[in-house]
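Visitor: Here it is, the structure in full.
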Amino acid sequence: MIHIRTAEEIELLHQAAQVVSRTLGIMAKEVKPGVTTLYLDKIAEEYIRSQGAIPGFLGLYGFPNTLCMSPNAQVVHGIPNDRPLQEGDIISIDCGALKNGYYGDHAYTFEVGEVAPEVKELLRVTKESLYIGIHQFRAGNRVGDVGHAIQQHCEAHGYGVVRELVGHGVGRKMHEDPEMPNYGRRGSGKKFKDGMVVAIEPMINMGTKSIRQLKDGWTILTADGKPSAHFEHDVALIDGKPKLLSTFKYIYEALGIESNEEDEFLLN
């Protein structure tokens, strides 16, 4: 069932998403060689709780931590541990928060120190595809339009688009209808309507689209061991157009990055 949200509900979703955005901004300051993902996880949990919110992933389906921390060839759902990050790593940090009964769900792939040029390109193209997909989240368009746009952009650069893991609706539950694949056929799938709120999240591999799962029951890796990138925004459909509930601005402030990529989709 697809939920159509009121303006009041969208504002509550916005508040939850912003808690996650600010948490990722804190992560941006802390991600560096020598830091462990368990340390980052602890900081994130403390901050989320300080905001009157609850970590959205902790205990969800049995997940043991606040953050999904997925370095290098890990695609998503990596479990924080005590292994220090290394110079040249990348790390996808996926974070959720439950505030006032609504969820925020938001992800960014960070560079750890100086990374290889081909890895930087993977991150650039993947984040670019996120906004290309968001642009297709418009009244009258369909789920397949978003997936098709992301797939076309990433495959044109020679990358693999993960099939088994998808974006989703977000609201009173972390995962709601509709599913939002990062691949698809233009004009196919459920039609978008005002009041829908979705998490769009390209998961793009440098090599094969194929994945495998570790015995921990959570961690997803690329089948060929090449790096994977993951970026995610929460987006509401308002007056026929996509509006961002989440933001990367706190990350960019921490990293000293100037960007106008979100301007077209600003909520206010």
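We name chains A, B, ... following the order of the structure tokens; residues begin at 1 in each chain, and ligands are numbered from 1 as shown.
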With the cut-off set at 10 Å and counting only C-alpha atoms, tabulate each residue of range 63-153 of chain A with an atom at most that distance from an atom of range 230-233 of chain A, showing the nearest atom pair and its distance in Å to one decimal, ordered by chain and increasing number, as CSV.
Guide:
```
residue,atom,partner,partner_atom,distance
A:Ser70,CA,A:His230,CA,9.2
A:Gln74,CA,A:His230,CA,10.0
A:Val75,CA,A:His230,CA,7.2
A:Val76,CA,A:His230,CA,7.7
A:Ile91,CA,A:His230,CA,9.1
A:Ser92,CA,A:His230,CA,6.1
A:Ile93,CA,A:His230,CA,8.4
A:Asp94,CA,A:Glu232,CA,8.1
A:Cys95,CA,A:Glu232,CA,9.8
A:Gly104,CA,A:His233,CA,9.2
A:Asp105,CA,A:His233,CA,7.4
A:His106,CA,A:Glu232,CA,5.1
A:Ala107,CA,A:Glu232,CA,4.7
A:Tyr108,CA,A:Phe231,CA,4.7
A:Thr109,CA,A:His230,CA,5.8
A:Phe110,CA,A:His230,CA,9.6
A:Leu122,CA,A:His230,CA,9.9
A:Leu123,CA,A:His230,CA,8.0
A:Thr126,CA,A:His230,CA,7.1
A:Lys127,CA,A:Phe231,CA,6.0
A:Glu128,CA,A:Phe231,CA,9.4
A:Ser129,CA,A:Phe231,CA,9.1
A:Leu130,CA,A:Phe231,CA,6.9
A:Tyr131,CA,A:His233,CA,9.1
A:Ile134,CA,A:His233,CA,8.6
```
Visitor: List the spatial neighbours of Gly207 in chain A as a list of chain:residue names - criterion: any atom at most 10 Å away, only C-alpha atoms, same-chain residues fewer than 5 positions off excluded.
Guide: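 Neighbouring residues, sequence-local ones excluded: A:Gly158, A:Tyr159, A:Gly160, A:Val161, A:Thr222, A:Ala223, A:Asp224, A:Gly225, A:Lys226, A:Pro227, A:Ser228.
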Visitor: Could you pull the residues within 6 Å of Gly88 in chain A, counting only C-alpha atoms, minus those fewer than 6 positions along the same chain, as a list of chain:residue names?
Guide: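 Contacts, with the query itself left out: A:Val112, A:Gly113, A:Glu114, A:Val115.
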Visitor: Selection from above, N, CA, C and O atoms, as an mmCIF file, in the first residue's frame, can you write it?
Guide:
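Written file, selection28.cif:
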```cif
data_model
loop_
_atom_site.group_PDB
_atom_site.id
_atom_site.type_symbol
_atom_site.label_atom_id
_atom_site.label_comp_id
_atom_site.auth_asym_id
_atom_site.auth_seq_id
_atom_site.Cartn_x
_atom_site.Cartn_y
_atom_site.Cartn_z
ATOM 1 N N VAL A 112 38.194 8.248 2.475
ATOM 2 C CA VAL A 112 39.065 8.209 3.654
ATOM 3 C C VAL A 112 40.460 8.631 3.205
ATOM 4 O O VAL A 112 41.176 7.869 2.546
ATOM 5 N N GLY A 113 40.825 9.868 3.517
ATOM 6 C CA GLY A 113 42.088 10.385 3.020
ATOM 7 C C GLY A 113 42.026 10.569 1.506
ATOM 8 O O GLY A 113 40.997 10.951 0.946
ATOM 9 N N GLU A 114 43.097 10.243 0.837
ATOM 10 C CA GLU A 114 43.189 10.408 -0.620
ATOM 11 C C GLU A 114 42.886 9.079 -1.298
ATOM 12 O O GLU A 114 43.547 8.081 -1.023
ATOM 13 N N VAL A 115 41.893 9.063 -2.163
ATOM 14 C CA VAL A 115 41.514 7.814 -2.831
ATOM 15 C C VAL A 115 41.930 7.855 -4.299
ATOM 16 O O VAL A 115 42.205 8.916 -4.863
#
```
Visitor: Considering only C-alpha atoms, tabulate each residue of range 51-82 of chain A that lies at most 12 Å from range 10-34 of chain A along with its nearest interatomic pair and the corresponding distance in Å to one decimal; arrange the rows by chain and ascending residue number and present them as a tab-separated table.
Guide:
```
residue	atom	partner	partner_atom	distance
A:Gln51	CA	A:Val19	CA	7.1
A:Gly52	CA	A:Val19	CA	9.3
A:Ala53	CA	A:Ala16	CA	7.7
A:Ile54	CA	A:Ala16	CA	9.8
A:Pro55	CA	A:Val20	CA	9.2
A:Gly56	CA	A:Val20	CA	9.5
A:Phe57	CA	A:Val20	CA	11.4
A:Thr66	CA	A:Thr23	CA	11.0
A:Leu67	CA	A:Leu24	CA	10.1
A:Cys68	CA	A:Leu24	CA	11.9
A:Met69	CA	A:Met27	CA	11.2
A:Pro71	CA	A:Val31	CA	11.6
A:Asp82	CA	A:Gly34	CA	10.1
```
Visitor: Export, as an mmCIF file, in the first residue's frame, the selected residues with N, CA, C and O atoms.
Guide:
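Printed below is again_31.cif as written:
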```cif
data_model
loop_
_atom_site.group_PDB
_atom_site.id
_atom_site.type_symbol
_atom_site.label_atom_id
_atom_site.label_comp_id
_atom_site.auth_asym_id
_atom_site.auth_seq_id
_atom_site.Cartn_x
_atom_site.Cartn_y
_atom_site.Cartn_z
ATOM 1 N N GLN A 51 18.901 14.327 19.991
ATOM 2 C CA GLN A 51 17.946 15.087 19.190
ATOM 3 C C GLN A 51 16.497 14.660 19.425
ATOM 4 O O GLN A 51 15.599 15.028 18.662
ATOM 5 N N GLY A 52 16.280 13.867 20.473
ATOM 6 C CA GLY A 52 14.929 13.389 20.765
ATOM 7 C C GLY A 52 14.463 12.349 19.782
ATOM 8 O O GLY A 52 13.249 12.145 19.592
ATOM 9 N N ALA A 53 15.413 11.657 19.143
ATOM 10 C CA ALA A 53 15.103 10.622 18.159
ATOM 11 C C ALA A 53 15.700 9.295 18.620
ATOM 12 O O ALA A 53 16.477 9.238 19.589
ATOM 13 N N ILE A 54 15.328 8.236 17.933
ATOM 14 C CA ILE A 54 15.814 6.890 18.215
ATOM 15 C C ILE A 54 16.555 6.399 16.979
ATOM 16 O O ILE A 54 16.080 6.605 15.851
ATOM 17 N N PRO A 55 17.724 5.749 17.143
ATOM 18 C CA PRO A 55 18.392 5.176 15.972
ATOM 19 C C PRO A 55 17.457 4.240 15.214
ATOM 20 O O PRO A 55 16.919 3.286 15.783
ATOM 21 N N GLY A 56 17.245 4.535 13.944
ATOM 22 C CA GLY A 56 16.247 3.802 13.171
ATOM 23 C C GLY A 56 16.657 2.395 12.785
ATOM 24 O O GLY A 56 15.795 1.538 12.558
ATOM 25 N N PHE A 57 17.958 2.140 12.705
ATOM 26 C CA PHE A 57 18.428 0.817 12.276
ATOM 27 C C PHE A 57 18.663 -0.129 13.458
ATOM 28 O O PHE A 57 18.622 -1.339 13.287
ATOM 29 N N THR A 66 23.692 1.167 15.118
ATOM 30 C CA THR A 66 23.011 2.392 14.680
ATOM 31 C C THR A 66 23.245 2.670 13.201
ATOM 32 O O THR A 66 22.344 3.129 12.501
ATOM 33 N N LEU A 67 24.454 2.411 12.725
ATOM 34 C CA LEU A 67 24.835 2.709 11.346
ATOM 35 C C LEU A 67 25.127 1.432 10.570
ATOM 36 O O LEU A 67 25.679 0.480 11.121
ATOM 37 N N CYS A 68 24.792 1.445 9.294
ATOM 38 C CA CYS A 68 25.334 0.458 8.359
ATOM 39 C C CYS A 68 26.617 1.067 7.793
ATOM 40 O O CYS A 68 26.572 2.138 7.174
ATOM 41 N N MET A 69 27.738 0.387 8.012
ATOM 42 C CA MET A 69 29.058 0.917 7.648
ATOM 43 C C MET A 69 29.699 -0.042 6.652
ATOM 44 O O MET A 69 30.111 -1.144 7.022
ATOM 45 N N PRO A 71 32.589 -0.435 3.895
ATOM 46 C CA PRO A 71 33.788 0.055 3.209
ATOM 47 C C PRO A 71 34.075 -0.682 1.910
ATOM 48 O O PRO A 71 33.795 -1.880 1.778
ATOM 49 N N ASP A 82 35.880 -3.060 14.923
ATOM 50 C CA ASP A 82 37.025 -2.340 15.500
ATOM 51 C C ASP A 82 38.232 -2.275 14.569
ATOM 52 O O ASP A 82 39.344 -1.960 15.008
#
```
Visitor: Which residues come within 6 Å of Gly240 in chain A, counting only C-alpha atoms, excluding same-chain residues fewer than 4 positions away, as a list in words?
Guide: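 Answer for this query is Arg138, Ala139 and Asp194 of chain A.
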Visitor: Could the residues in this selection be saved with C-alpha atoms as a compact mmCIF listing (two decimals), in the first residue's frame?
Guide:
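Here's the written file again31.txt:
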```txt
# COMPACT_ATOMS: atom_id res chain seq x y z
CA ARG A 138 7.47 13.77 -10.72
CA ALA A 139 3.69 13.60 -10.85
CA ASP A 194 1.56 14.19 -4.80
```
Visitor: Excluding same-chain residues fewer than 2 positions from Val143 in chain A, what lies within 6 Å of it counting only C-alpha atoms, as a PDB file with N, CA and C atoms, in the first residue's frame?
Guide:
```pdb
ATOM      1  N   ASP A 145      10.651   5.082 -14.521  1.00  0.00           N
ATOM      2  CA  ASP A 145      11.344   6.254 -15.056  1.00  0.00           C
ATOM      3  C   ASP A 145      12.559   6.611 -14.201  1.00  0.00           C
ATOM      4  N   VAL A 146      12.419   6.498 -12.885  1.00  0.00           N
ATOM      5  CA  VAL A 146      13.540   6.769 -11.985  1.00  0.00           C
ATOM      6  C   VAL A 146      14.629   5.722 -12.185  1.00  0.00           C
ATOM      7  N   GLY A 189       5.727   0.452 -14.071  1.00  0.00           N
ATOM      8  CA  GLY A 189       5.608   0.521 -12.616  1.00  0.00           C
ATOM      9  C   GLY A 189       4.536   1.491 -12.156  1.00  0.00           C
ATOM     10  N   LYS A 190       4.488   1.650 -10.826  1.00  0.00           N
ATOM     11  CA  LYS A 190       3.451   2.469 -10.204  1.00  0.00           C
ATOM     12  C   LYS A 190       3.640   3.954 -10.517  1.00  0.00           C
TER      13      LYS A 190
END
```
